[in-house]
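Here's the structure we're looking at; comments come further down.
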Amino acid sequence: MSGDDVRGKMTLPEAAGILSLPVESVVALVGAGYLHTTASDDGPRVALGDLKAFLARNADGDDPVLDLVDVSLDDLDPQSLLDALDGRSEDMARRALDLLVTVFPEAGRWSLGQQARFIEEARSRFEAILAVASLGDQVDEELVDDLAAVGADAARSLTPLPEVLLVLRISRDLVVQTAVEVAEERGRHWGLALSLLLTRVLPALDRLTDAVARGYWSAVIERQEESSARFANMVEQSTDGVYEVNLDGRVSYANAALGVILGRRTDELVDASFIEVLDPATQFALDAEEIEVVVRRADGVVRVLDIRSVERHVDGVLVGYDGTVRDVTAALRFEELRNDLLALLGHELRQPLTTIVGLSSTLEAHGEEFEAASVEVVGEKIRQQAERISRLTDDLYEVSRLDYDTQLVNRRRLDIASVVNGALAAVAGTDDVRVEIEPGLVVLADRRRVEQVVANLVENALRYGAPPVVVTAEEDGDEVVVRVHDNGQGVPVGIEADLFSKLTLTGLPRRTSDANGLGLAVVRGLVEAMGGRVWYEPGAEHGADFCFTLPTA
């Protein structure tokens with residue numbers, strides 16, 4: 001704008017001086033449409049004639065229009081204007097509804113009840129604005145918290161933030177307009193009263209907006225955190241493996257179930273190649289939507305896995321893949337297992353039943369010839385064989401439940417030393433078993449299931465190994481490792497890989513010619529159902545170590 005163009009036009013600070021208003025108040029009057037500006041190189045300008053006309057419209061009597069500059073602010077009472085504005089809260093609320101309908105036509109279809117609720121909320125909002133303006137710097141923090149609660153309620157009701165901000169902008173404009181109207185009604189010198197009023201109202205509006213926006217975003221963040229926590233809990237507790245891999249095929253996230261399925265610790269999976277932790281020999285494309293693969297785990301166990309994956313994008317760019325892994329081995333082997341279980345039933349029951357029948361027949365035929373001590377020995381052997389049949393029945397039942405994927409566990413905080421000692425009470429021949437576990441080592445597991453696991457491993461060690469049998473436990477990170485060591489010959493070379501993975505009569509994992517592996521299959525299933533792992537290691541010098549882990553409490 002040239003020099004001729006700016007002649008007779010005032011900058012905003014100059015206009016504020018003529019009107020005896022702060023610059024912020026002049027800006028508010030421009031925003032409300034009471035003054036008009038034109039652009040110039042040094043900012044917006046207001047025509048002097050426009051200012052004089054504005055003052056003339058609001059002057060009282062025959063005093064010159066510019067005499068306002070001589071009026072002292074101390075002669076005015078802005079609180080009376082605030083009180084007058086407070087009396088118009090209902091009117092401003094109804095005008096707010098009319099303005100909202102012009103921006104959001106769908107609001108015009110609200111029911112009478114919805115309209116009444118909006119008007120009531122708007123009235124409360126205007127009263128809050130005026131209360132904050134009246135209190136000035138002495139605003140009660142409880143009131144600010146109430147305003148933040150308004151924003152939080154809007155977020156929880158899923159009201160879009162732009163709509164919330166629009167309502168606040170409408171409230172701002174209506175307060176300014178109504179303040180001008182009230183001041184005009186007061187007559188001469190209204191501009192000075194309005195000046196002092198707006199210096200209170202405008203900061204109050206800003207504080208209101210800040211409080212409501214803060215409450216809104218706090219509620220949004222809280223909802224997101226709650227949603228993320230629920231999702232994370234669902235993922236962590238899932239029985240399916242869940243993973244994320246980057247474009248280079250390295251695992252960026254893995255849940256606990258994936259570690260159980262792959263027979264690895266979770267911290268061993270992160271940053272590792274997904275193909276490597278599955279099986280280096282596996283042919284698997286990261287972008288395969290669904291594929292079934294057969295893998296041999298690092299511990300030698302062969303599993304059939306159903307893998308499903310989806311692309312993961314950030315800002316429209318492919319950054320990796322998310323997927324799930326489900327162990328479907330049991331389902332595929334169900335028919336085979338059903339036949340084998342029937343065969344095992346006859347095979348395993350034959351020996352203890354033969355022993356019971358033989359001892360019972362001996363007692364029946366020659367009982368009167370036996371001394372009391374001999375009868376007690378025979379009775380003890382009959383009891384042990386009966387308990388063996390009972391455990392076999394439990395194992396068969398548990399195997400059937402595990403293969404149907406319906407195994408239930410009741411996890412609680414347990415002292416592992418106490419559980420191990422309780423398990424040994426149900427095993428015969430435990431005079432040759434030592435427990436070397438410090439009290440106070442706590443796990444999160446099912447007591448009955450852990451006792452069953454320990455009893456099976458100890459009985460396995462006594463039956464197929466050699467005494468002494470030593471049970472130890474130690475904490476390792478977020479796991480407790482329980483180790484059952486015997487001093488036998490160990491597991492024959494070549495069958496270690498199948499110890500826990502198969503249950504068949506014709507291809508049984510064997511430590512001796514009459515071993516059936518049923519107890520070890522149950523051990524694996526129970527341990528994995530409790531979130532742990534199980535494996536075999538040759539003893540440090542000789543013998544065999546059967547190990548399993550349980551999560552720490």
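As shown in the structure tokens, the chain order sets the letters A, B, ...; within each chain, residues go from 1, and ligands are also counted from 1 in the order they appear.
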
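Listed by chain and then by rising number, the residues of stretch 212-281 of chain A that DSSP assigns to strand (DSSP E or B) from the backbone are A:Gly241, A:Val242, A:Tyr243, A:Glu244, A:Val245, A:Asn246, A:Arg250, A:Val251, A:Ser252, A:Tyr253, A:Ala254, A:Ser273.
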
10 Å contact set for A:Ile119, only C-alpha atoms, chain neighbours under 5 positions out, as a JSON list (two decimals) with all heavy atoms, in the first residue's frame:
```json
[["chain", "number", "residue", "atom", "x", "y", "z"],
["A", 89, "SER", "N", -26.83, -15.54, 29.58],
["A", 89, "SER", "CA", -26.27, -16.87, 29.28],
["A", 89, "SER", "C", -27.27, -17.73, 28.50],
["A", 89, "SER", "O", -26.91, -18.43, 27.55],
["A", 89, "SER", "CB", -25.86, -17.59, 30.57],
["A", 89, "SER", "OG", -24.81, -16.90, 31.20],
["A", 90, "GLU", "N", -28.53, -17.68, 28.91],
["A", 90, "GLU", "CA", -29.55, -18.48, 28.22],
["A", 90, "GLU", "C", -29.70, -18.02, 26.78],
["A", 90, "GLU", "O", -29.76, -18.84, 25.85],
["A", 90, "GLU", "CB", -30.89, -18.35, 28.96],
["A", 90, "GLU", "CG", -32.03, -19.14, 28.32],
["A", 90, "GLU", "CD", -31.96, -20.63, 28.64],
["A", 90, "GLU", "OE1", -31.24, -21.00, 29.59],
["A", 90, "GLU", "OE2", -32.62, -21.42, 27.93],
["A", 91, "ASP", "N", -29.73, -16.70, 26.56],
["A", 91, "ASP", "CA", -29.87, -16.17, 25.20],
["A", 91, "ASP", "C", -28.66, -16.54, 24.35],
["A", 91, "ASP", "O", -28.81, -16.94, 23.19],
["A", 91, "ASP", "CB", -30.02, -14.65, 25.26],
["A", 91, "ASP", "CG", -30.10, -14.02, 23.86],
["A", 91, "ASP", "OD1", -31.05, -14.35, 23.12],
["A", 91, "ASP", "OD2", -29.20, -13.21, 23.53],
["A", 92, "MET", "N", -27.46, -16.44, 24.91],
["A", 92, "MET", "CA", -26.26, -16.81, 24.16],
["A", 92, "MET", "C", -26.26, -18.30, 23.82],
["A", 92, "MET", "O", -25.83, -18.71, 22.74],
["A", 92, "MET", "CB", -25.01, -16.45, 24.97],
["A", 92, "MET", "CG", -24.70, -14.96, 25.01],
["A", 92, "MET", "SD", -23.06, -14.60, 25.72],
["A", 92, "MET", "CE", -23.35, -14.98, 27.45],
["A", 93, "ALA", "N", -26.77, -19.13, 24.72],
["A", 93, "ALA", "CA", -26.83, -20.56, 24.48],
["A", 93, "ALA", "C", -27.76, -20.88, 23.30],
["A", 93, "ALA", "O", -27.45, -21.72, 22.44],
["A", 93, "ALA", "CB", -27.30, -21.29, 25.73],
["A", 94, "ARG", "N", -28.91, -20.19, 23.22],
["A", 94, "ARG", "CA", -29.84, -20.42, 22.11],
["A", 94, "ARG", "C", -29.24, -19.91, 20.79],
["A", 94, "ARG", "O", -29.40, -20.54, 19.74],
["A", 94, "ARG", "CB", -31.17, -19.74, 22.40],
["A", 94, "ARG", "CG", -31.90, -20.37, 23.58],
["A", 94, "ARG", "CD", -33.28, -19.79, 23.81],
["A", 94, "ARG", "NE", -33.92, -20.42, 24.94],
["A", 94, "ARG", "CZ", -34.55, -21.60, 24.88],
["A", 94, "ARG", "NH1", -34.62, -22.25, 23.72],
["A", 94, "ARG", "NH2", -35.11, -22.12, 25.96],
["A", 95, "ARG", "N", -28.53, -18.80, 20.85],
["A", 95, "ARG", "CA", -27.88, -18.29, 19.64],
["A", 95, "ARG", "C", -26.76, -19.24, 19.20],
["A", 95, "ARG", "O", -26.50, -19.42, 18.00],
["A", 95, "ARG", "CB", -27.33, -16.89, 19.90],
["A", 95, "ARG", "CG", -28.44, -15.84, 20.07],
["A", 95, "ARG", "CD", -27.89, -14.54, 20.66],
["A", 95, "ARG", "NE", -26.93, -13.89, 19.77],
["A", 95, "ARG", "CZ", -26.26, -12.78, 20.10],
["A", 95, "ARG", "NH1", -26.48, -12.23, 21.29],
["A", 95, "ARG", "NH2", -25.42, -12.25, 19.25],
["A", 96, "ALA", "N", -26.10, -19.87, 20.18],
["A", 96, "ALA", "CA", -25.04, -20.83, 19.85],
["A", 96, "ALA", "C", -25.62, -22.01, 19.07],
["A", 96, "ALA", "O", -25.00, -22.51, 18.12],
["A", 96, "ALA", "CB", -24.36, -21.32, 21.12],
["A", 97, "LEU", "N", -26.82, -22.47, 19.46],
["A", 97, "LEU", "CA", -27.46, -23.57, 18.74],
["A", 97, "LEU", "C", -27.77, -23.15, 17.30],
["A", 97, "LEU", "O", -27.54, -23.92, 16.36],
["A", 97, "LEU", "CB", -28.74, -24.00, 19.46],
["A", 97, "LEU", "CG", -29.56, -25.10, 18.76],
["A", 97, "LEU", "CD1", -28.72, -26.38, 18.60],
["A", 97, "LEU", "CD2", -30.83, -25.40, 19.55],
["A", 113, "GLY", "N", -35.28, -32.95, 22.80],
["A", 113, "GLY", "CA", -34.47, -33.31, 23.97],
["A", 113, "GLY", "C", -32.99, -33.04, 23.73],
["A", 113, "GLY", "O", -32.29, -32.53, 24.61],
["A", 114, "GLN", "N", -32.50, -33.37, 22.52],
["A", 114, "GLN", "CA", -31.09, -33.12, 22.19],
["A", 114, "GLN", "C", -30.81, -31.62, 22.15],
["A", 114, "GLN", "O", -29.76, -31.16, 22.61],
["A", 114, "GLN", "CB", -30.74, -33.77, 20.85],
["A", 114, "GLN", "CG", -30.72, -35.30, 20.90],
["A", 114, "GLN", "CD", -30.51, -35.89, 19.52],
["A", 114, "GLN", "OE1", -31.21, -35.55, 18.57],
["A", 114, "GLN", "NE2", -29.53, -36.79, 19.42],
["A", 124, "SER", "N", -24.17, -23.56, 30.61],
["A", 124, "SER", "CA", -23.17, -23.84, 31.65],
["A", 124, "SER", "C", -21.78, -23.40, 31.20],
["A", 124, "SER", "O", -20.98, -22.91, 31.99],
["A", 124, "SER", "CB", -23.15, -25.34, 31.98],
["A", 124, "SER", "OG", -24.41, -25.76, 32.48],
["A", 125, "ARG", "N", -21.50, -23.56, 29.90],
["A", 125, "ARG", "CA", -20.21, -23.17, 29.36],
["A", 125, "ARG", "C", -20.03, -21.65, 29.45],
["A", 125, "ARG", "O", -18.96, -21.16, 29.83],
["A", 125, "ARG", "CB", -20.07, -23.67, 27.93],
["A", 125, "ARG", "CG", -18.72, -23.43, 27.30],
["A", 125, "ARG", "CD", -18.52, -24.27, 26.06],
["A", 125, "ARG", "NE", -19.61, -24.09, 25.10],
["A", 125, "ARG", "CZ", -20.53, -25.01, 24.82],
["A", 125, "ARG", "NH1", -20.53, -26.18, 25.45],
["A", 125, "ARG", "NH2", -21.49, -24.78, 23.93]]
```

| field | A:Val295 environment, 6 Å, only C-alpha atoms, sequence neighbours closer than 4 positions dropped, as number ranges by chain | value | A: 279, 302-303

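Minimum distance to A:Asn246 across A:Trp217, A:Val294, A:Leu318, A:Val180 (counting only C-alpha atoms) occurs at A:Leu318.
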
Can you pull out every residue within 12 Å of stretch 422-432 of chain A, counting only C-alpha atoms, but drop anything in the same chain fewer than 6 positions away, and send it as an mmCIF file with N, CA, C and O atoms, in the first residue's frame?
```
data_model
loop_
_atom_site.group_PDB
_atom_site.id
_atom_site.type_symbol
_atom_site.label_atom_id
_atom_site.label_comp_id
_atom_site.auth_asym_id
_atom_site.auth_seq_id
_atom_site.Cartn_x
_atom_site.Cartn_y
_atom_site.Cartn_z
ATOM 1 N N GLU A 380 1.858 -103.712 49.896
ATOM 2 C CA GLU A 380 2.508 -102.498 49.437
ATOM 3 C C GLU A 380 2.746 -102.548 47.932
ATOM 4 O O GLU A 380 2.535 -101.550 47.221
ATOM 5 N N LYS A 381 3.179 -103.715 47.411
ATOM 6 C CA LYS A 381 3.419 -103.837 45.969
ATOM 7 C C LYS A 381 2.116 -103.735 45.179
ATOM 8 O O LYS A 381 2.071 -103.106 44.109
ATOM 9 N N ILE A 382 1.053 -104.293 45.713
ATOM 10 C CA ILE A 382 -0.248 -104.187 45.041
ATOM 11 C C ILE A 382 -0.685 -102.718 44.992
ATOM 12 O O ILE A 382 -1.176 -102.220 43.970
ATOM 13 N N ARG A 383 -0.492 -101.986 46.118
ATOM 14 C CA ARG A 383 -0.875 -100.577 46.157
ATOM 15 C C ARG A 383 -0.084 -99.760 45.145
ATOM 16 O O ARG A 383 -0.636 -98.902 44.429
ATOM 17 N N GLN A 384 1.216 -100.004 45.059
ATOM 18 C CA GLN A 384 2.046 -99.255 44.119
ATOM 19 C C GLN A 384 1.615 -99.500 42.672
ATOM 20 O O GLN A 384 1.558 -98.555 41.856
ATOM 21 N N GLN A 385 1.302 -100.759 42.351
ATOM 22 C CA GLN A 385 0.863 -101.051 40.988
ATOM 23 C C GLN A 385 -0.504 -100.428 40.700
ATOM 24 O O GLN A 385 -0.770 -99.967 39.578
ATOM 25 N N ALA A 386 -1.370 -100.394 41.713
ATOM 26 C CA ALA A 386 -2.675 -99.755 41.531
ATOM 27 C C ALA A 386 -2.504 -98.252 41.307
ATOM 28 O O ALA A 386 -3.193 -97.652 40.460
ATOM 29 N N GLU A 387 -1.581 -97.608 42.058
ATOM 30 C CA GLU A 387 -1.316 -96.182 41.855
ATOM 31 C C GLU A 387 -0.717 -95.936 40.475
ATOM 32 O O GLU A 387 -0.985 -94.909 39.840
ATOM 33 N N ARG A 388 0.098 -96.887 40.010
ATOM 34 C CA ARG A 388 0.661 -96.758 38.665
ATOM 35 C C ARG A 388 -0.447 -96.770 37.618
ATOM 36 O O ARG A 388 -0.433 -95.982 36.654
ATOM 37 N N SER A 390 -3.489 -95.853 38.165
ATOM 38 C CA SER A 390 -4.219 -94.595 38.330
ATOM 39 C C SER A 390 -3.511 -93.463 37.598
ATOM 40 O O SER A 390 -4.142 -92.656 36.903
ATOM 41 N N ARG A 391 -2.177 -93.396 37.748
ATOM 42 C CA ARG A 391 -1.437 -92.341 37.056
ATOM 43 C C ARG A 391 -1.506 -92.526 35.540
ATOM 44 O O ARG A 391 -1.592 -91.554 34.784
ATOM 45 N N LEU A 414 3.345 -70.303 43.518
ATOM 46 C CA LEU A 414 3.692 -71.546 44.191
ATOM 47 C C LEU A 414 5.154 -71.533 44.602
ATOM 48 O O LEU A 414 6.015 -71.065 43.844
ATOM 49 N N ASP A 415 5.440 -72.069 45.782
ATOM 50 C CA ASP A 415 6.820 -72.315 46.194
ATOM 51 C C ASP A 415 7.232 -73.646 45.576
ATOM 52 O O ASP A 415 6.693 -74.707 45.923
ATOM 53 N N ILE A 416 8.187 -73.593 44.632
ATOM 54 C CA ILE A 416 8.505 -74.787 43.847
ATOM 55 C C ILE A 416 9.055 -75.917 44.716
ATOM 56 O O ILE A 416 8.810 -77.096 44.447
ATOM 57 N N ARG A 447 -0.592 -76.069 40.696
ATOM 58 C CA ARG A 447 0.059 -77.008 41.614
ATOM 59 C C ARG A 447 -0.124 -78.462 41.178
ATOM 60 O O ARG A 447 0.837 -79.235 41.132
ATOM 61 N N ARG A 448 -1.368 -78.851 40.878
ATOM 62 C CA ARG A 448 -1.612 -80.255 40.535
ATOM 63 C C ARG A 448 -0.861 -80.655 39.270
ATOM 64 O O ARG A 448 -0.310 -81.748 39.168
ATOM 65 N N ARG A 449 -0.793 -79.734 38.282
ATOM 66 C CA ARG A 449 -0.102 -80.054 37.039
ATOM 67 C C ARG A 449 1.409 -80.161 37.253
ATOM 68 O O ARG A 449 2.065 -81.027 36.692
ATOM 69 N N VAL A 450 1.964 -79.228 38.070
ATOM 70 C CA VAL A 450 3.403 -79.290 38.332
ATOM 71 C C VAL A 450 3.752 -80.582 39.074
ATOM 72 O O VAL A 450 4.761 -81.238 38.777
ATOM 73 N N GLU A 451 2.923 -80.965 40.049
ATOM 74 C CA GLU A 451 3.169 -82.222 40.763
ATOM 75 C C GLU A 451 3.141 -83.404 39.801
ATOM 76 O O GLU A 451 3.954 -84.336 39.901
ATOM 77 N N GLN A 452 2.217 -83.382 38.842
ATOM 78 C CA GLN A 452 2.129 -84.457 37.861
ATOM 79 C C GLN A 452 3.384 -84.497 36.989
ATOM 80 O O GLN A 452 3.919 -85.562 36.692
ATOM 81 N N VAL A 453 3.879 -83.329 36.581
ATOM 82 C CA VAL A 453 5.091 -83.256 35.763
ATOM 83 C C VAL A 453 6.284 -83.813 36.537
ATOM 84 O O VAL A 453 7.052 -84.647 36.026
ATOM 85 N N VAL A 454 6.468 -83.356 37.776
ATOM 86 C CA VAL A 454 7.605 -83.798 38.589
ATOM 87 C C VAL A 454 7.517 -85.298 38.850
ATOM 88 O O VAL A 454 8.520 -86.028 38.745
ATOM 89 N N ALA A 455 6.319 -85.796 39.199
ATOM 90 C CA ALA A 455 6.156 -87.232 39.468
ATOM 91 C C ALA A 455 6.512 -88.052 38.241
ATOM 92 O O ALA A 455 7.202 -89.083 38.346
ATOM 93 N N ASN A 456 6.065 -87.628 37.057
ATOM 94 C CA ASN A 456 6.378 -88.373 35.839
ATOM 95 C C ASN A 456 7.876 -88.386 35.554
ATOM 96 O O ASN A 456 8.446 -89.413 35.187
ATOM 97 N N LEU A 457 8.537 -87.223 35.729
ATOM 98 C CA LEU A 457 9.973 -87.156 35.434
ATOM 99 C C LEU A 457 10.788 -87.954 36.456
ATOM 100 O O LEU A 457 11.768 -88.632 36.088
ATOM 101 N N VAL A 458 10.414 -87.884 37.723
ATOM 102 C CA VAL A 458 11.140 -88.650 38.749
ATOM 103 C C VAL A 458 10.922 -90.144 38.544
ATOM 104 O O VAL A 458 11.872 -90.956 38.629
ATOM 105 N N GLU A 459 9.692 -90.553 38.287
ATOM 106 C CA GLU A 459 9.416 -91.975 38.039
ATOM 107 C C GLU A 459 10.168 -92.459 36.793
ATOM 108 O O GLU A 459 10.703 -93.566 36.757
ATOM 109 N N ASN A 460 10.232 -91.602 35.775
ATOM 110 C CA ASN A 460 10.974 -91.925 34.558
ATOM 111 C C ASN A 460 12.460 -92.127 34.877
ATOM 112 O O ASN A 460 13.110 -93.054 34.377
ATOM 113 N N ALA A 461 13.007 -91.234 35.746
ATOM 114 C CA ALA A 461 14.420 -91.334 36.116
ATOM 115 C C ALA A 461 14.700 -92.597 36.927
ATOM 116 O O ALA A 461 15.730 -93.262 36.733
ATOM 117 N N LEU A 462 13.807 -92.957 37.852
ATOM 118 C CA LEU A 462 13.992 -94.160 38.662
ATOM 119 C C LEU A 462 13.832 -95.431 37.839
ATOM 120 O O LEU A 462 14.524 -96.423 38.060
ATOM 121 N N ARG A 463 12.912 -95.367 36.871
ATOM 122 C CA ARG A 463 12.599 -96.566 36.107
ATOM 123 C C ARG A 463 13.632 -96.858 35.025
ATOM 124 O O ARG A 463 14.004 -97.993 34.795
ATOM 125 N N GLY A 465 16.632 -94.762 34.532
ATOM 126 C CA GLY A 465 17.985 -94.312 34.839
ATOM 127 C C GLY A 465 18.551 -95.123 35.984
ATOM 128 O O GLY A 465 18.349 -96.333 36.066
ATOM 129 N N ALA A 466 19.285 -94.440 36.851
ATOM 130 C CA ALA A 466 19.864 -95.105 38.017
ATOM 131 C C ALA A 466 19.980 -94.080 39.133
ATOM 132 O O ALA A 466 20.205 -92.899 38.882
ATOM 133 N N PRO A 467 19.824 -94.540 40.403
ATOM 134 C CA PRO A 467 19.946 -93.616 41.520
ATOM 135 C C PRO A 467 21.418 -93.200 41.716
ATOM 136 O O PRO A 467 22.309 -93.882 41.201
ATOM 137 N N PRO A 468 21.632 -92.120 42.434
ATOM 138 C CA PRO A 468 20.603 -91.244 43.016
ATOM 139 C C PRO A 468 20.012 -90.293 41.983
ATOM 140 O O PRO A 468 20.676 -89.922 41.021
ATOM 141 N N VAL A 469 18.742 -89.933 42.221
ATOM 142 C CA VAL A 469 18.058 -88.948 41.386
ATOM 143 C C VAL A 469 18.050 -87.618 42.164
ATOM 144 O O VAL A 469 17.710 -87.603 43.351
ATOM 145 N N VAL A 470 18.435 -86.536 41.499
ATOM 146 C CA VAL A 470 18.536 -85.239 42.155
ATOM 147 C C VAL A 470 17.622 -84.239 41.429
ATOM 148 O O VAL A 470 17.699 -84.097 40.209
ATOM 149 N N VAL A 471 16.778 -83.584 42.203
ATOM 150 C CA VAL A 471 15.887 -82.561 41.645
ATOM 151 C C VAL A 471 16.398 -81.194 42.126
ATOM 152 O O VAL A 471 16.518 -80.958 43.333
ATOM 153 N N HIS A 485 17.828 -84.977 37.466
ATOM 154 C CA HIS A 485 19.050 -85.666 37.009
ATOM 155 C C HIS A 485 19.093 -87.086 37.566
ATOM 156 O O HIS A 485 18.809 -87.307 38.753
ATOM 157 N N ASP A 486 19.425 -88.037 36.699
ATOM 158 C CA ASP A 486 19.661 -89.403 37.161
ATOM 159 C C ASP A 486 21.067 -89.826 36.748
ATOM 160 O O ASP A 486 21.727 -89.159 35.945
ATOM 161 N N ASN A 487 21.527 -90.939 37.271
ATOM 162 C CA ASN A 487 22.893 -91.411 37.017
ATOM 163 C C ASN A 487 22.907 -92.676 36.170
ATOM 164 O O ASN A 487 23.802 -93.515 36.303
#
```

| query | If you run DSSP on this backbone, which residues of stretch 258-456 of chain A come out as helix (DSSP H, G or I), and could you give them as a PyMOL selection string? | reply | chain A and resi 258-262+266-269+274-278+329-332+334-369+372-403+416-424+430-432+447-456

| request: Extract, using only C-alpha atoms, all DNA, RNA and protein residues at most 10 Å from A:Glu479, discarding same-chain residues fewer than 6 positions from it, and format them as a VMD selection string. | output: chain A and resid 265 442 to 444 531 to 533 548 to 553

Suppose we keep N, CA, C and O atoms; can you now write the selection as a CSV table (one decimal), in the first residue's frame?
```csv
chain,number,residue,atom,x,y,z
A,265,ARG,N,13.3,-69.3,24.3
A,265,ARG,CA,13.0,-68.2,25.1
A,265,ARG,C,12.6,-67.0,24.3
A,265,ARG,O,13.1,-66.8,23.2
A,442,VAL,N,9.7,-68.9,43.8
A,442,VAL,CA,8.2,-68.8,43.5
A,442,VAL,C,8.0,-68.8,42.0
A,442,VAL,O,8.7,-68.1,41.3
A,443,VAL,N,7.0,-69.7,41.6
A,443,VAL,CA,6.6,-69.7,40.2
A,443,VAL,C,5.1,-69.4,40.1
A,443,VAL,O,4.4,-69.4,41.1
A,444,LEU,N,4.7,-69.2,38.8
A,444,LEU,CA,3.3,-69.0,38.5
A,444,LEU,C,2.8,-70.2,37.7
A,444,LEU,O,3.1,-70.3,36.5
A,531,GLY,N,2.9,-72.3,30.1
A,531,GLY,CA,3.8,-71.2,29.6
A,531,GLY,C,5.3,-71.5,29.7
A,531,GLY,O,6.1,-70.6,29.7
A,532,GLY,N,5.6,-72.8,29.8
A,532,GLY,CA,7.0,-73.2,30.0
A,532,GLY,C,7.6,-74.0,28.8
A,532,GLY,O,6.9,-74.1,27.8
A,533,ARG,N,8.8,-74.5,29.0
A,533,ARG,CA,9.4,-75.3,27.9
A,533,ARG,C,10.0,-76.5,28.6
A,533,ARG,O,10.3,-76.5,29.8
A,548,PHE,N,12.7,-78.6,32.7
A,548,PHE,CA,11.5,-77.8,32.3
A,548,PHE,C,11.5,-76.4,33.0
A,548,PHE,O,12.2,-76.3,34.0
A,549,THR,N,10.9,-75.5,32.4
A,549,THR,CA,10.8,-74.1,32.9
A,549,THR,C,9.4,-73.8,33.3
A,549,THR,O,8.4,-74.3,32.7
A,550,LEU,N,9.3,-72.8,34.2
A,550,LEU,CA,8.0,-72.3,34.6
A,550,LEU,C,8.2,-70.8,34.8
A,550,LEU,O,9.3,-70.3,35.2
A,551,PRO,N,7.2,-69.9,34.4
A,551,PRO,CA,7.4,-68.5,34.6
A,551,PRO,C,7.5,-68.1,36.1
A,551,PRO,O,6.8,-68.7,36.9
A,552,THR,N,8.3,-67.1,36.4
A,552,THR,CA,8.4,-66.6,37.7
A,552,THR,C,7.1,-65.8,38.1
A,552,THR,O,6.5,-65.2,37.2
A,553,ALA,N,6.8,-65.8,39.3
A,553,ALA,CA,5.6,-65.0,39.7
A,553,ALA,C,5.9,-63.5,39.8
A,553,ALA,O,7.0,-63.1,40.1
```

| request: Excluding A:Val301 and any residue of its chain fewer than 2 positions from it, enumerate the residues within 12 Å of it, using only C-alpha atoms, and give them as an NGL selection string. | output: :A and (260-264 or 278-279 or 294-299 or 303-304 or 329 or 495-502 or 509 or 521 or 524 or 533-536)

| task | Using only C-alpha atoms, determine which residues lie at most 8 Å from A:Asp287, disregarding the query and same-chain residues fewer than 4 positions distant; provide the list as a PyMOL selection string. | result | chain A and resi 309-311+321

Please produce, as JSON lines, a per-residue contact table for stretch 432-546 of chain A versus stretch 226-245 of chain A (criterion: any atom at most 12 Å away, only C-alpha atoms considered), showing the nearest atom pair and its distance in Å to one decimal, sorted by chain then residue number.
```
{"residue": "A:Glu528", "atom": "CA", "partner": "A:Thr239", "partner_atom": "CA", "distance": 9.9}
{"residue": "A:Ala529", "atom": "CA", "partner": "A:Thr239", "partner_atom": "CA", "distance": 8.6}
{"residue": "A:Met530", "atom": "CA", "partner": "A:Thr239", "partner_atom": "CA", "distance": 10.4}
{"residue": "A:Gly531", "atom": "CA", "partner": "A:Thr239", "partner_atom": "CA", "distance": 9.1}
```

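One distance worth recording is that between atom CA of A:Leu363 and atom CA of A:Glu376, which is 10.9 Å.
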
| request: Would you mind telling me which residue in A:Leu85, A:Val319, A:Leu247, A:Ala473 lies nearest to A:Ala285 when using only C-alpha atoms? | output: A:Leu247

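Between atom CA of A:Leu353 and atom CA of A:Val377 lies a distance of 17.3 Å.
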